[in-house]
Amino acid sequence: MKKILAVVSVATALLLSGCSQVGAAATLGSTKITQATVQSSIDSIIAARVGVDTSQMQLETGESLNRGQLRFHLLTALLLAAGKELKISVSKAEIDTRRVSIIEQVGGAEGLPKALVGAGIASEDLDAYIEAITMSDKISQTLTASGVAEADLGAAVQKLVIAKAKELGVTVNPRYGKWDPTVADVVALDSASPAVTPATK
């Protein structure tokens with residue numbers, strides 16, 4: 001009986017350790033983006049849609065929404081890592097200032113929920129989104145100062161992100177798709193080419 005219990009306890013321990021690995025939606029070097037983090041964003045976005053007229057919006061659903069939210073968290077982490085290497089940072093004051101500007105642009109606090117739903121951004125992720133776009137802007141400014149032409153900035157920023165992803169190593173839970181290192185993006189598992197359109201389910 002004791003032997004059976006010992007086997008069961010070992011099996012349970014293995015199962016639990018396996019679950020902890022499954023808990024990662026993606027890893028970026030030593031950084032883990034948990035499924036709980038991604039799911040929280042998804043749940044928030046879906047809940048926010050209830051009080052908004054979405055009839056004129058093209059909204060992500062299902063696998064596309066899951067992939068989109070993992071992409072957001074992963075690319076934000078990659079942008080910040082790339083910026084850190086260039087000794088660039090974004091302060092809380094910069095985030096706060098830009099948030100005020102964004103809220104004004106969307107018609108004040110009343111218009112913010114609809115704007116976030118339309119953009120597919122969870123309300124609790126707004127500061128992270130602002131940090132990411134501010135970091136992208138600062139990286140672009142640094143590249144411009146180093147002689148990169150404005151027309152080439154998008155490609156240059158992407159090249160930095162691709163290099164950082166390769167350096168750190170990225171893994172993506174197949175539940176969300178797969179990592180395409182050539183473009184630094186999370187793509188559908190059955191995506192044969194960029195031209196493939198998502199299947200409607």
# chains A, B, ... in the order shown; residues from 1 in each chain; ligands from 1
call {"tool": "closest_atom_pairs", "arguments": {"of": "range 9-95 of chain A", "to": "range 132-140 of chain A", "cutoff": "7 Å", "atoms": "only C-alpha atoms", "output": "Markdown table"}}
result
| residue | atom | partner | partner_atom | distance |
| --- | --- | --- | --- | --- |
| A:Thr76 | CA | A:Ala132 | CA | 5.4 |
| A:Leu79 | CA | A:Ala132 | CA | 6.6 |
| A:Leu80 | CA | A:Met135 | CA | 6.7 |
| A:Gly83 | CA | A:Ile139 | CA | 6.5 |
| A:Val90 | CA | A:Met135 | CA | 6.4 |
call {"tool": "write_last_selection", "arguments": {"atoms": "N, CA and C atoms", "output": "PDB file, in the first residue's frame"}}
result
ATOM      1  N   THR A  76       5.543  43.534 -26.748  1.00  0.00           N
ATOM      2  CA  THR A  76       5.828  44.594 -25.782  1.00  0.00           C
ATOM      3  C   THR A  76       7.119  44.268 -25.033  1.00  0.00           C
ATOM      4  N   LEU A  79      10.118  44.705 -27.390  1.00  0.00           N
ATOM      5  CA  LEU A  79      10.429  46.118 -27.634  1.00  0.00           C
ATOM      6  C   LEU A  79      11.175  46.722 -26.447  1.00  0.00           C
ATOM      7  N   LEU A  80      10.691  46.408 -25.245  1.00  0.00           N
ATOM      8  CA  LEU A  80      11.338  46.945 -24.040  1.00  0.00           C
ATOM      9  C   LEU A  80      12.753  46.390 -23.890  1.00  0.00           C
ATOM     10  N   GLY A  83      14.913  48.166 -26.390  1.00  0.00           N
ATOM     11  CA  GLY A  83      15.169  49.520 -25.922  1.00  0.00           C
ATOM     12  C   GLY A  83      16.198  49.553 -24.809  1.00  0.00           C
ATOM     13  N   VAL A  90      11.344  54.316 -20.670  1.00  0.00           N
ATOM     14  CA  VAL A  90      10.122  55.125 -20.688  1.00  0.00           C
ATOM     15  C   VAL A  90       9.700  55.348 -19.242  1.00  0.00           C
TER      16      VAL A  90
END
call {"tool": "residues_around", "arguments": {"residues": "range 173-189 of chain A", "least_positions_apart": "3", "cutoff": "6 Å", "atoms": "only C-alpha atoms", "output": "JSON, numbers by chain"}}
result
{"A": [25, 26, 67, 71, 162]}
call {"tool": "select_by_dssp", "arguments": {"residues": "range 1-142 of chain A", "states": "helix (DSSP H, G or I)", "output": "mmCIF file with N, CA and C atoms, in the first residue's frame"}}
result
data_model
loop_
_atom_site.group_PDB
_atom_site.id
_atom_site.type_symbol
_atom_site.label_atom_id
_atom_site.label_comp_id
_atom_site.auth_asym_id
_atom_site.auth_seq_id
_atom_site.Cartn_x
_atom_site.Cartn_y
_atom_site.Cartn_z
ATOM 1 N N LYS A 2 1.906 1.244 0.862
ATOM 2 C CA LYS A 2 2.815 2.397 0.932
ATOM 3 C C LYS A 2 3.503 2.620 -0.411
ATOM 4 N N LYS A 3 3.848 1.496 -1.055
ATOM 5 C CA LYS A 3 4.532 1.593 -2.345
ATOM 6 C C LYS A 3 3.617 2.249 -3.384
ATOM 7 N N ILE A 4 2.341 1.871 -3.365
ATOM 8 C CA ILE A 4 1.370 2.447 -4.304
ATOM 9 C C ILE A 4 1.218 3.950 -4.052
ATOM 10 N N LEU A 5 1.126 4.300 -2.758
ATOM 11 C CA LEU A 5 0.994 5.722 -2.393
ATOM 12 C C LEU A 5 2.213 6.516 -2.853
ATOM 13 N N ALA A 6 3.385 5.893 -2.722
ATOM 14 C CA ALA A 6 4.627 6.568 -3.129
ATOM 15 C C ALA A 6 4.619 6.820 -4.628
ATOM 16 N N VAL A 7 4.181 5.818 -5.387
ATOM 17 C CA VAL A 7 4.100 5.951 -6.848
ATOM 18 C C VAL A 7 3.107 7.048 -7.233
ATOM 19 N N VAL A 8 1.965 7.040 -6.542
ATOM 20 C CA VAL A 8 0.932 8.052 -6.815
ATOM 21 C C VAL A 8 1.455 9.457 -6.514
ATOM 22 N N SER A 9 2.182 9.597 -5.389
ATOM 23 C CA SER A 9 2.690 10.922 -5.009
ATOM 24 C C SER A 9 3.733 11.412 -6.010
ATOM 25 N N VAL A 10 4.571 10.491 -6.513
ATOM 26 C CA VAL A 10 5.572 10.859 -7.525
ATOM 27 C C VAL A 10 4.870 11.279 -8.815
ATOM 28 N N ALA A 11 3.859 10.505 -9.210
ATOM 29 C CA ALA A 11 3.108 10.812 -10.426
ATOM 30 C C ALA A 11 2.416 12.170 -10.301
ATOM 31 N N THR A 12 1.869 12.434 -9.115
ATOM 32 C CA THR A 12 1.203 13.715 -8.868
ATOM 33 C C THR A 12 2.197 14.868 -8.968
ATOM 34 N N ALA A 13 3.373 14.660 -8.386
ATOM 35 C CA ALA A 13 4.410 15.694 -8.425
ATOM 36 C C ALA A 13 4.823 15.998 -9.866
ATOM 37 N N LEU A 14 4.952 14.926 -10.652
ATOM 38 C CA LEU A 14 5.320 15.105 -12.056
ATOM 39 C C LEU A 14 4.220 15.842 -12.817
ATOM 40 N N LEU A 15 2.979 15.478 -12.503
ATOM 41 C CA LEU A 15 1.836 16.100 -13.156
ATOM 42 C C LEU A 15 1.783 17.594 -12.842
ATOM 43 N N LEU A 16 2.022 17.917 -11.555
ATOM 44 C CA LEU A 16 1.991 19.318 -11.134
ATOM 45 C C LEU A 16 3.120 20.121 -11.769
ATOM 46 N N SER A 17 4.299 19.507 -11.844
ATOM 47 C CA SER A 17 5.429 20.217 -12.461
ATOM 48 C C SER A 17 5.158 20.413 -13.950
ATOM 49 N N GLY A 18 4.493 19.428 -14.556
ATOM 50 C CA GLY A 18 4.117 19.558 -15.961
ATOM 51 C C GLY A 18 3.116 20.676 -16.162
ATOM 52 N N CYS A 19 2.170 20.810 -15.212
ATOM 53 C CA CYS A 19 1.167 21.861 -15.296
ATOM 54 C C CYS A 19 1.803 23.239 -15.199
ATOM 55 N N SER A 20 2.847 23.337 -14.381
ATOM 56 C CA SER A 20 3.491 24.637 -14.215
ATOM 57 C C SER A 20 4.156 25.065 -15.530
ATOM 58 N N GLN A 21 4.651 24.085 -16.288
ATOM 59 C CA GLN A 21 5.239 24.393 -17.594
ATOM 60 C C GLN A 21 4.145 24.785 -18.583
ATOM 61 N N VAL A 22 3.015 24.067 -18.502
ATOM 62 C CA VAL A 22 1.897 24.345 -19.397
ATOM 63 C C VAL A 22 1.355 25.751 -19.137
ATOM 64 N N GLN A 35 -0.227 31.969 -19.129
ATOM 65 C CA GLN A 35 -1.540 31.870 -19.758
ATOM 66 C C GLN A 35 -2.543 32.730 -19.005
ATOM 67 N N ALA A 36 -2.368 32.831 -17.667
ATOM 68 C CA ALA A 36 -3.279 33.632 -16.839
ATOM 69 C C ALA A 36 -3.219 35.108 -17.249
ATOM 70 N N THR A 37 -2.014 35.599 -17.559
ATOM 71 C CA THR A 37 -1.852 36.989 -17.993
ATOM 72 C C THR A 37 -2.588 37.234 -19.306
ATOM 73 N N VAL A 38 -2.389 36.327 -20.257
ATOM 74 C CA VAL A 38 -3.032 36.467 -21.570
ATOM 75 C C VAL A 38 -4.546 36.332 -21.432
ATOM 76 N N GLN A 39 -4.989 35.352 -20.634
ATOM 77 C CA GLN A 39 -6.421 35.115 -20.462
ATOM 78 C C GLN A 39 -7.101 36.301 -19.784
ATOM 79 N N SER A 40 -6.394 36.938 -18.859
ATOM 80 C CA SER A 40 -6.943 38.110 -18.174
ATOM 81 C C SER A 40 -7.235 39.227 -19.179
ATOM 82 N N SER A 41 -6.305 39.422 -20.122
ATOM 83 C CA SER A 41 -6.503 40.435 -21.167
ATOM 84 C C SER A 41 -7.697 40.071 -22.051
ATOM 85 N N ILE A 42 -7.773 38.799 -22.428
ATOM 86 C CA ILE A 42 -8.871 38.322 -23.285
ATOM 87 C C ILE A 42 -10.219 38.520 -22.590
ATOM 88 N N ASP A 43 -10.293 38.096 -21.319
ATOM 89 C CA ASP A 43 -11.542 38.213 -20.557
ATOM 90 C C ASP A 43 -11.975 39.673 -20.427
ATOM 91 N N SER A 44 -11.004 40.546 -20.184
ATOM 92 C CA SER A 44 -11.288 41.971 -20.025
ATOM 93 C C SER A 44 -11.836 42.568 -21.318
ATOM 94 N N ILE A 45 -11.231 42.179 -22.447
ATOM 95 C CA ILE A 45 -11.668 42.686 -23.751
ATOM 96 C C ILE A 45 -13.088 42.228 -24.055
ATOM 97 N N ILE A 46 -13.365 40.945 -23.822
ATOM 98 C CA ILE A 46 -14.702 40.398 -24.093
ATOM 99 C C ILE A 46 -15.752 41.054 -23.198
ATOM 100 N N ALA A 47 -15.403 41.257 -21.918
ATOM 101 C CA ALA A 47 -16.334 41.887 -20.974
ATOM 102 C C ALA A 47 -16.624 43.335 -21.381
ATOM 103 N N ALA A 48 -15.597 44.034 -21.873
ATOM 104 C CA ALA A 48 -15.755 45.442 -22.250
ATOM 105 C C ALA A 48 -16.654 45.608 -23.470
ATOM 106 N N ARG A 49 -16.741 44.577 -24.311
ATOM 107 C CA ARG A 49 -17.555 44.657 -25.531
ATOM 108 C C ARG A 49 -19.047 44.718 -25.214
ATOM 109 N N GLY A 62 -12.097 34.200 -30.859
ATOM 110 C CA GLY A 62 -11.523 32.854 -30.830
ATOM 111 C C GLY A 62 -10.012 32.816 -30.864
ATOM 112 N N GLU A 63 -9.475 31.960 -31.730
ATOM 113 C CA GLU A 63 -8.026 31.765 -31.824
ATOM 114 C C GLU A 63 -7.302 33.052 -32.200
ATOM 115 N N SER A 64 -7.928 33.846 -33.050
ATOM 116 C CA SER A 64 -7.318 35.099 -33.495
ATOM 117 C C SER A 64 -7.150 36.070 -32.324
ATOM 118 N N LEU A 65 -8.162 36.128 -31.455
ATOM 119 C CA LEU A 65 -8.093 36.987 -30.272
ATOM 120 C C LEU A 65 -7.019 36.481 -29.307
ATOM 121 N N ASN A 66 -6.993 35.180 -29.078
ATOM 122 C CA ASN A 66 -5.973 34.588 -28.197
ATOM 123 C C ASN A 66 -4.564 34.913 -28.694
ATOM 124 N N ARG A 67 -4.368 34.712 -29.998
ATOM 125 C CA ARG A 67 -3.056 34.941 -30.613
ATOM 126 C C ARG A 67 -2.691 36.432 -30.553
ATOM 127 N N GLY A 68 -3.684 37.271 -30.809
ATOM 128 C CA GLY A 68 -3.452 38.708 -30.803
ATOM 129 C C GLY A 68 -3.019 39.226 -29.443
ATOM 130 N N GLN A 69 -3.619 38.688 -28.381
ATOM 131 C CA GLN A 69 -3.258 39.151 -27.038
ATOM 132 C C GLN A 69 -1.891 38.625 -26.609
ATOM 133 N N LEU A 70 -1.551 37.389 -27.001
ATOM 134 C CA LEU A 70 -0.201 36.898 -26.717
ATOM 135 C C LEU A 70 0.819 37.721 -27.493
ATOM 136 N N ARG A 71 0.495 38.027 -28.748
ATOM 137 C CA ARG A 71 1.380 38.848 -29.585
ATOM 138 C C ARG A 71 1.649 40.189 -28.901
ATOM 139 N N PHE A 72 0.594 40.805 -28.358
ATOM 140 C CA PHE A 72 0.745 42.094 -27.679
ATOM 141 C C PHE A 72 1.733 41.992 -26.512
ATOM 142 N N HIS A 73 1.529 41.006 -25.648
ATOM 143 C CA HIS A 73 2.392 40.871 -24.468
ATOM 144 C C HIS A 73 3.831 40.522 -24.865
ATOM 145 N N LEU A 74 3.967 39.667 -25.871
ATOM 146 C CA LEU A 74 5.295 39.218 -26.290
ATOM 147 C C LEU A 74 6.072 40.336 -26.984
ATOM 148 N N LEU A 75 5.420 41.028 -27.906
ATOM 149 C CA LEU A 75 6.110 42.091 -28.638
ATOM 150 C C LEU A 75 6.411 43.291 -27.742
ATOM 151 N N THR A 76 5.543 43.534 -26.748
ATOM 152 C CA THR A 76 5.828 44.594 -25.782
ATOM 153 C C THR A 76 7.119 44.268 -25.033
ATOM 154 N N ALA A 77 7.226 43.022 -24.580
ATOM 155 C CA ALA A 77 8.427 42.589 -23.855
ATOM 156 C C ALA A 77 9.667 42.680 -24.740
ATOM 157 N N LEU A 78 9.529 42.320 -26.006
ATOM 158 C CA LEU A 78 10.655 42.378 -26.940
ATOM 159 C C LEU A 78 11.085 43.821 -27.224
ATOM 160 N N LEU A 79 10.118 44.705 -27.390
ATOM 161 C CA LEU A 79 10.429 46.118 -27.634
ATOM 162 C C LEU A 79 11.175 46.722 -26.447
ATOM 163 N N LEU A 80 10.691 46.408 -25.245
ATOM 164 C CA LEU A 80 11.338 46.945 -24.040
ATOM 165 C C LEU A 80 12.753 46.390 -23.890
ATOM 166 N N ALA A 81 12.931 45.111 -24.250
ATOM 167 C CA ALA A 81 14.260 44.495 -24.177
ATOM 168 C C ALA A 81 15.204 45.134 -25.195
ATOM 169 N N ALA A 82 14.683 45.397 -26.392
ATOM 170 C CA ALA A 82 15.495 46.041 -27.433
ATOM 171 C C ALA A 82 15.870 47.461 -27.006
ATOM 172 N N GLY A 83 14.913 48.166 -26.390
ATOM 173 C CA GLY A 83 15.169 49.520 -25.922
ATOM 174 C C GLY A 83 16.198 49.553 -24.809
ATOM 175 N N LYS A 84 16.119 48.561 -23.921
ATOM 176 C CA LYS A 84 17.058 48.493 -22.800
ATOM 177 C C LYS A 84 18.488 48.362 -23.310
ATOM 178 N N GLU A 85 18.668 47.576 -24.375
ATOM 179 C CA GLU A 85 20.003 47.393 -24.956
ATOM 180 C C GLU A 85 20.543 48.716 -25.509
ATOM 181 N N LYS A 92 7.309 56.737 -15.999
ATOM 182 C CA LYS A 92 5.882 56.742 -15.653
ATOM 183 C C LYS A 92 5.255 58.075 -16.043
ATOM 184 N N ALA A 93 6.015 59.158 -15.868
ATOM 185 C CA ALA A 93 5.506 60.484 -16.231
ATOM 186 C C ALA A 93 5.188 60.566 -17.727
ATOM 187 N N GLU A 94 6.050 59.943 -18.558
ATOM 188 C CA GLU A 94 5.811 59.937 -20.006
ATOM 189 C C GLU A 94 4.554 59.141 -20.339
ATOM 190 N N ILE A 95 4.373 58.013 -19.644
ATOM 191 C CA ILE A 95 3.180 57.189 -19.856
ATOM 192 C C ILE A 95 1.932 57.973 -19.455
ATOM 193 N N ASP A 96 1.982 58.625 -18.294
ATOM 194 C CA ASP A 96 0.834 59.388 -17.795
ATOM 195 C C ASP A 96 0.465 60.521 -18.742
ATOM 196 N N THR A 97 1.477 61.228 -19.244
ATOM 197 C CA THR A 97 1.246 62.353 -20.168
ATOM 198 C C THR A 97 0.598 61.869 -21.454
ATOM 199 N N ARG A 98 1.109 60.758 -21.985
ATOM 200 C CA ARG A 98 0.567 60.240 -23.246
ATOM 201 C C ARG A 98 -0.839 59.686 -23.058
ATOM 202 N N ARG A 99 -1.103 59.114 -21.863
ATOM 203 C CA ARG A 99 -2.448 58.601 -21.589
ATOM 204 C C ARG A 99 -3.465 59.731 -21.619
ATOM 205 N N VAL A 100 -3.114 60.869 -20.996
ATOM 206 C CA VAL A 100 -3.999 62.034 -20.994
ATOM 207 C C VAL A 100 -4.284 62.478 -22.427
ATOM 208 N N SER A 101 -3.237 62.500 -23.258
ATOM 209 C CA SER A 101 -3.371 62.905 -24.653
ATOM 210 C C SER A 101 -4.290 61.952 -25.419
ATOM 211 N N ILE A 102 -4.116 60.656 -25.202
ATOM 212 C CA ILE A 102 -4.943 59.647 -25.880
ATOM 213 C C ILE A 102 -6.403 59.787 -25.465
ATOM 214 N N ILE A 103 -6.637 59.967 -24.170
ATOM 215 C CA ILE A 103 -8.009 60.100 -23.669
ATOM 216 C C ILE A 103 -8.682 61.324 -24.283
ATOM 217 N N GLU A 104 -7.924 62.409 -24.439
ATOM 218 C CA GLU A 104 -8.469 63.615 -25.085
ATOM 219 C C GLU A 104 -8.824 63.333 -26.548
ATOM 220 N N GLN A 105 -7.953 62.591 -27.230
ATOM 221 C CA GLN A 105 -8.161 62.287 -28.657
ATOM 222 C C GLN A 105 -9.410 61.451 -28.891
ATOM 223 N N LEU A 112 -13.297 56.477 -24.019
ATOM 224 C CA LEU A 112 -12.171 55.545 -23.913
ATOM 225 C C LEU A 112 -12.583 54.072 -24.040
ATOM 226 N N PRO A 113 -13.635 53.613 -23.348
ATOM 227 C CA PRO A 113 -14.000 52.192 -23.458
ATOM 228 C C PRO A 113 -14.231 51.737 -24.898
ATOM 229 N N LYS A 114 -14.947 52.554 -25.679
ATOM 230 C CA LYS A 114 -15.215 52.194 -27.080
ATOM 231 C C LYS A 114 -13.926 52.164 -27.889
ATOM 232 N N ALA A 115 -13.042 53.154 -27.622
ATOM 233 C CA ALA A 115 -11.769 53.198 -28.349
ATOM 234 C C ALA A 115 -10.920 51.973 -28.041
ATOM 235 N N LEU A 116 -10.897 51.554 -26.784
ATOM 236 C CA LEU A 116 -10.116 50.374 -26.385
ATOM 237 C C LEU A 116 -10.687 49.109 -27.002
ATOM 238 N N VAL A 117 -12.024 48.994 -27.024
ATOM 239 C CA VAL A 117 -12.667 47.824 -27.645
ATOM 240 C C VAL A 117 -12.311 47.766 -29.129
ATOM 241 N N GLY A 118 -12.405 48.912 -29.799
ATOM 242 C CA GLY A 118 -12.097 48.967 -31.229
ATOM 243 C C GLY A 118 -10.653 48.609 -31.535
ATOM 244 N N ALA A 119 -9.752 48.981 -30.612
ATOM 245 C CA ALA A 119 -8.321 48.713 -30.810
ATOM 246 C C ALA A 119 -7.913 47.338 -30.297
ATOM 247 N N SER A 123 -8.403 47.256 -20.854
ATOM 248 C CA SER A 123 -8.222 48.519 -20.122
ATOM 249 C C SER A 123 -6.997 48.471 -19.211
ATOM 250 N N GLU A 124 -6.756 47.296 -18.596
ATOM 251 C CA GLU A 124 -5.606 47.207 -17.689
ATOM 252 C C GLU A 124 -4.271 47.145 -18.430
ATOM 253 N N ASP A 125 -4.331 46.966 -19.756
ATOM 254 C CA ASP A 125 -3.099 46.907 -20.562
ATOM 255 C C ASP A 125 -2.779 48.246 -21.220
ATOM 256 N N LEU A 126 -3.598 49.272 -20.974
ATOM 257 C CA LEU A 126 -3.399 50.551 -21.661
ATOM 258 C C LEU A 126 -2.020 51.140 -21.375
ATOM 259 N N ASP A 127 -1.596 51.123 -20.116
ATOM 260 C CA ASP A 127 -0.279 51.683 -19.788
ATOM 261 C C ASP A 127 0.850 50.905 -20.467
ATOM 262 N N ALA A 128 0.700 49.568 -20.515
ATOM 263 C CA ALA A 128 1.717 48.740 -21.185
ATOM 264 C C ALA A 128 1.752 49.053 -22.679
ATOM 265 N N TYR A 129 0.571 49.270 -23.262
ATOM 266 C CA TYR A 129 0.484 49.635 -24.681
ATOM 267 C C TYR A 129 1.172 50.973 -24.933
ATOM 268 N N ILE A 130 0.895 51.941 -24.052
ATOM 269 C CA ILE A 130 1.512 53.267 -24.184
ATOM 270 C C ILE A 130 3.029 53.172 -24.037
ATOM 271 N N GLU A 131 3.468 52.346 -23.076
ATOM 272 C CA GLU A 131 4.906 52.164 -22.879
ATOM 273 C C GLU A 131 5.552 51.584 -24.138
ATOM 274 N N ALA A 132 4.856 50.612 -24.750
ATOM 275 C CA ALA A 132 5.390 49.965 -25.957
ATOM 276 C C ALA A 132 5.489 50.939 -27.129
ATOM 277 N N ILE A 133 4.415 51.726 -27.364
ATOM 278 C CA ILE A 133 4.458 52.629 -28.524
ATOM 279 C C ILE A 133 5.435 53.789 -28.282
ATOM 280 N N THR A 134 5.562 54.194 -27.011
ATOM 281 C CA THR A 134 6.523 55.248 -26.682
ATOM 282 C C THR A 134 7.948 54.730 -26.876
ATOM 283 N N MET A 135 8.176 53.485 -26.461
ATOM 284 C CA MET A 135 9.492 52.881 -26.662
ATOM 285 C C MET A 135 9.800 52.762 -28.152
ATOM 286 N N SER A 136 8.813 52.349 -28.933
ATOM 287 C CA SER A 136 8.995 52.228 -30.384
ATOM 288 C C SER A 136 9.360 53.589 -30.989
ATOM 289 N N ASP A 137 8.681 54.638 -30.527
ATOM 290 C CA ASP A 137 8.970 55.993 -31.013
ATOM 291 C C ASP A 137 10.403 56.400 -30.663
ATOM 292 N N LYS A 138 10.813 56.090 -29.434
ATOM 293 C CA LYS A 138 12.159 56.479 -28.983
ATOM 294 C C LYS A 138 13.239 55.697 -29.736
ATOM 295 N N ILE A 139 12.967 54.421 -29.990
ATOM 296 C CA ILE A 139 13.916 53.623 -30.775
ATOM 297 C C ILE A 139 14.028 54.223 -32.180
ATOM 298 N N SER A 140 12.879 54.613 -32.750
ATOM 299 C CA SER A 140 12.866 55.225 -34.086
ATOM 300 C C SER A 140 13.682 56.507 -34.101
ATOM 301 N N GLN A 141 13.538 57.308 -33.039
ATOM 302 C CA GLN A 141 14.297 58.566 -32.948
ATOM 303 C C GLN A 141 15.805 58.289 -32.885
ATOM 304 N N THR A 142 16.166 57.260 -32.134
ATOM 305 C CA THR A 142 17.579 56.885 -32.017
ATOM 306 C C THR A 142 18.123 56.417 -33.367
#
call {"tool": "closest_residue", "arguments": {"among": "A:Ala156, A:Thr34, A:Ala24, A:Gly111", "to": "Asp53 in chain A", "atoms": "only C-alpha atoms"}}
result
A:Gly111
call {"tool": "closest_residue", "arguments": {"among": "A:Ala122, A:Leu59, A:Ala109, A:Leu143", "to": "Ile88 in chain A", "atoms": "only C-alpha atoms"}}
result
A:Leu143
call {"tool": "residues_around", "arguments": {"residues": "Leu168 in chain A", "least_positions_apart": "3", "cutoff": "9 Å", "atoms": "only C-alpha atoms", "output": "list of chain:residue names"}}
result
A:Leu28, A:Gly29, A:Ser30, A:Ala163, A:Lys164, A:Ala165
call {"tool": "residues_around", "arguments": {"residues": "Thr27 in chain A", "least_positions_apart": "4", "cutoff": "9 Å", "atoms": "only C-alpha atoms", "output": "ChimeraX atom specification"}}
result
/A:31-34,74,169-173
call {"tool": "write_last_selection", "arguments": {"atoms": "C-alpha atoms", "output": "PDB file, in the first residue's frame"}}
result
ATOM      1  CA  THR A  31      10.844  35.854 -18.827  1.00  0.00           C
ATOM      2  CA  LYS A  32       7.608  33.877 -18.777  1.00  0.00           C
ATOM      3  CA  ILE A  33       4.313  35.235 -20.057  1.00  0.00           C
ATOM      4  CA  THR A  34       1.699  33.135 -18.292  1.00  0.00           C
ATOM      5  CA  LEU A  74       5.295  39.218 -26.290  1.00  0.00           C
ATOM      6  CA  GLY A 169      15.111  32.768 -27.562  1.00  0.00           C
ATOM      7  CA  VAL A 170      11.318  32.689 -27.854  1.00  0.00           C
ATOM      8  CA  THR A 171       8.997  29.734 -27.363  1.00  0.00           C
ATOM      9  CA  VAL A 172       5.240  29.849 -27.851  1.00  0.00           C
ATOM     10  CA  ASN A 173       2.662  27.445 -26.432  1.00  0.00           C
TER      11      ASN A 173
END
